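Scroll down for the structure; my scribbles are underneath it.
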Amino acid sequence: MNRTEGYLQRRWFNRLMLVLCGCAAAITIIFLALILGYTFINGITYFNLDFITQASKPVGESGGGMRDEIFGTFILVGLASVIALPVGLLAGIFLAEFAGRKMASAIRFAADILAGVPSIIVGVFAYALLVRPLHSYSALSAGVALAIIMIPVVARTAEESLRLVPGSQREAALALGISRWRIILGVIIPGATTGIVTGIMLAVARVAGETAPLIFTALGSAFGVQGLTVPIGALPLQIYRYALSPYSDWQKQAWAAAFLLVILVLGINIVVRLVSNRRK
């Protein structure tokens, strides 16, 4: 084989791989468009102001909405964020600034495994940890379950963002006699704020649509938000129950709730992209 034949083979192989990659990307975009389009077509028909402002109604009564479930979703995500963000951020700081090579490798491995654990397993764990000892389903146990899912995402993203801060900034701050903790708070974290915020929003989008952990922890409630130690409703739970019901009104509301949830998650992802592009 001469040099010209080898060049032609590499060139055609490169074109073939580009075509295959383009086809794979097109298939991904097509499936995403089908999911978004199907949800939009079925959900926008039943989405109105009453759906957001009114509480759910019993079977046989027309109308109603998912006001309490929307509030419940925000409460659960907020509670999970309150628990997960400090833990994840501190873990990321420890990995980036203090951990030795072996310890950092072990913690990263554990975080990656935790991030890959099925969410239903996390729900069962939260059930055994909180629901059974407290003898009650609750918003607190659901928030803990969602926080467990968020922690590895926040920790790994925070670590990578902190590592991107130039070492020259650390050295300059040390040369000025600034203590280590003040360097982290005043120099490193501000320099990595964009990446950290991006990771936080990705983690929020990750847990906003989780259903399996909530089945074992929040359970759901038809009486609105009554506290953190009692069952609470959420959009994913209500979608799951209404979609499986034999009543057409509930199925229509399930589509509307799915449309709302997709819009919320899509909006978070768009904000993440905007923040990432600004960072670049």
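For the structure tokens, the naming scheme is as follows: chains receive sequential letters (A, B, ...) according to their order of presentation, residues are indexed from 1 within each chain, and ligands are indexed from 1 in presentation order.
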Find the residues of stretch 54-139 of chain A that sit at most 12 Å from stretch 209-215 of chain A; for each, write down the nearest two atoms and how far apart they are in Å, to one decimal. Count only C-alpha atoms. Sort by chain, then by number going up, and give it as a Markdown table.
| residue | atom | partner | partner_atom | distance |
| --- | --- | --- | --- | --- |
| A:Ile70 | CA | A:Gly209 | CA | 11.8 |
| A:Gly72 | CA | A:Leu214 | CA | 11.2 |
| A:Thr73 | CA | A:Gly209 | CA | 9.0 |
| A:Phe74 | CA | A:Gly209 | CA | 11.2 |
| A:Leu76 | CA | A:Leu214 | CA | 9.6 |
| A:Val77 | CA | A:Gly209 | CA | 9.8 |
| A:Val117 | CA | A:Pro213 | CA | 11.9 |
| A:Pro118 | CA | A:Ala212 | CA | 9.1 |
| A:Ser119 | CA | A:Pro213 | CA | 6.0 |
| A:Ile120 | CA | A:Ala212 | CA | 4.9 |
| A:Ile121 | CA | A:Pro213 | CA | 7.8 |
| A:Val122 | CA | A:Pro213 | CA | 6.3 |
| A:Gly123 | CA | A:Pro213 | CA | 3.7 |
| A:Val124 | CA | A:Pro213 | CA | 7.2 |
| A:Phe125 | CA | A:Pro213 | CA | 9.1 |
| A:Ala126 | CA | A:Pro213 | CA | 7.9 |
| A:Tyr127 | CA | A:Pro213 | CA | 8.7 |
| A:Ala128 | CA | A:Pro213 | CA | 11.9 |
| A:Val131 | CA | A:Leu214 | CA | 11.4 |
| A:Tyr137 | CA | A:Ile215 | CA | 9.4 |
| A:Ser138 | CA | A:Leu214 | CA | 9.5 |
| A:Ala139 | CA | A:Leu214 | CA | 8.9 |
task = Excluding A:Phe71 and any residue of its chain fewer than 3 positions from it, enumerate the residues within 12 Å of it, using only C-alpha atoms, and give them as a VMD selection string.
result = chain A and resid 52 to 55 65 to 68 74 to 78 139 224 to 227 232 to 235
Go ahead and write the selection's residues with N, CA and C atoms as a tab-separated table (two decimals), in the first residue's frame.
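Here's the written file out.tsv:
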chain	number	residue	atom	x	y	z
A	52	ILE	N	-53.12	26.13	37.65
A	52	ILE	CA	-52.06	26.62	38.54
A	52	ILE	C	-52.62	27.15	39.84
A	53	THR	N	-53.80	27.72	39.81
A	53	THR	CA	-54.31	28.44	40.98
A	53	THR	C	-55.29	27.64	41.83
A	54	GLN	N	-55.80	26.52	41.31
A	54	GLN	CA	-56.79	25.76	42.07
A	54	GLN	C	-56.21	24.44	42.57
A	55	ALA	N	-56.80	23.96	43.66
A	55	ALA	CA	-56.40	22.66	44.20
A	55	ALA	C	-57.10	21.54	43.45
A	65	GLY	N	-57.09	21.80	39.80
A	65	GLY	CA	-55.72	21.99	39.31
A	65	GLY	C	-54.72	21.31	40.22
A	66	MET	N	-53.49	21.78	40.15
A	66	MET	CA	-52.41	21.19	40.93
A	66	MET	C	-51.62	22.26	41.67
A	67	ARG	N	-52.34	23.20	42.23
A	67	ARG	CA	-51.68	24.27	42.98
A	67	ARG	C	-50.85	23.71	44.13
A	68	ASP	N	-51.44	22.85	44.92
A	68	ASP	CA	-50.72	22.30	46.08
A	68	ASP	C	-49.53	21.46	45.66
A	74	PHE	N	-41.83	22.69	44.76
A	74	PHE	CA	-40.85	23.73	45.11
A	74	PHE	C	-40.33	23.55	46.53
A	75	ILE	N	-41.20	23.14	47.45
A	75	ILE	CA	-40.76	22.92	48.83
A	75	ILE	C	-39.76	21.77	48.90
A	76	LEU	N	-40.05	20.68	48.22
A	76	LEU	CA	-39.15	19.52	48.27
A	76	LEU	C	-37.80	19.84	47.63
A	77	VAL	N	-37.83	20.51	46.49
A	77	VAL	CA	-36.57	20.88	45.83
A	77	VAL	C	-35.80	21.87	46.69
A	78	GLY	N	-36.51	22.82	47.31
A	78	GLY	CA	-35.83	23.77	48.19
A	78	GLY	C	-35.23	23.10	49.41
A	139	ALA	N	-42.43	15.23	54.14
A	139	ALA	CA	-41.65	16.06	53.22
A	139	ALA	C	-40.17	16.03	53.59
A	224	GLY	N	-53.13	19.47	50.71
A	224	GLY	CA	-52.23	20.60	50.59
A	224	GLY	C	-50.98	20.43	51.43
A	225	VAL	N	-50.26	21.53	51.58
A	225	VAL	CA	-49.01	21.55	52.34
A	225	VAL	C	-49.35	21.81	53.81
A	226	GLN	N	-49.09	20.84	54.68
A	226	GLN	CA	-49.44	20.96	56.09
A	226	GLN	C	-48.22	20.93	57.01
A	227	GLY	N	-47.04	20.79	56.47
A	227	GLY	CA	-45.84	20.76	57.30
A	227	GLY	C	-44.80	19.83	56.71
A	232	ILE	N	-46.77	14.90	51.69
A	232	ILE	CA	-46.88	16.09	50.87
A	232	ILE	C	-47.01	15.68	49.41
A	233	GLY	N	-47.76	16.46	48.65
A	233	GLY	CA	-47.92	16.19	47.22
A	233	GLY	C	-46.81	16.84	46.41
A	234	ALA	N	-46.62	16.33	45.20
A	234	ALA	CA	-45.62	16.86	44.28
A	234	ALA	C	-46.05	16.55	42.86
A	235	LEU	N	-45.60	17.35	41.91
A	235	LEU	CA	-45.99	17.16	40.52
A	235	LEU	C	-45.65	15.76	39.98
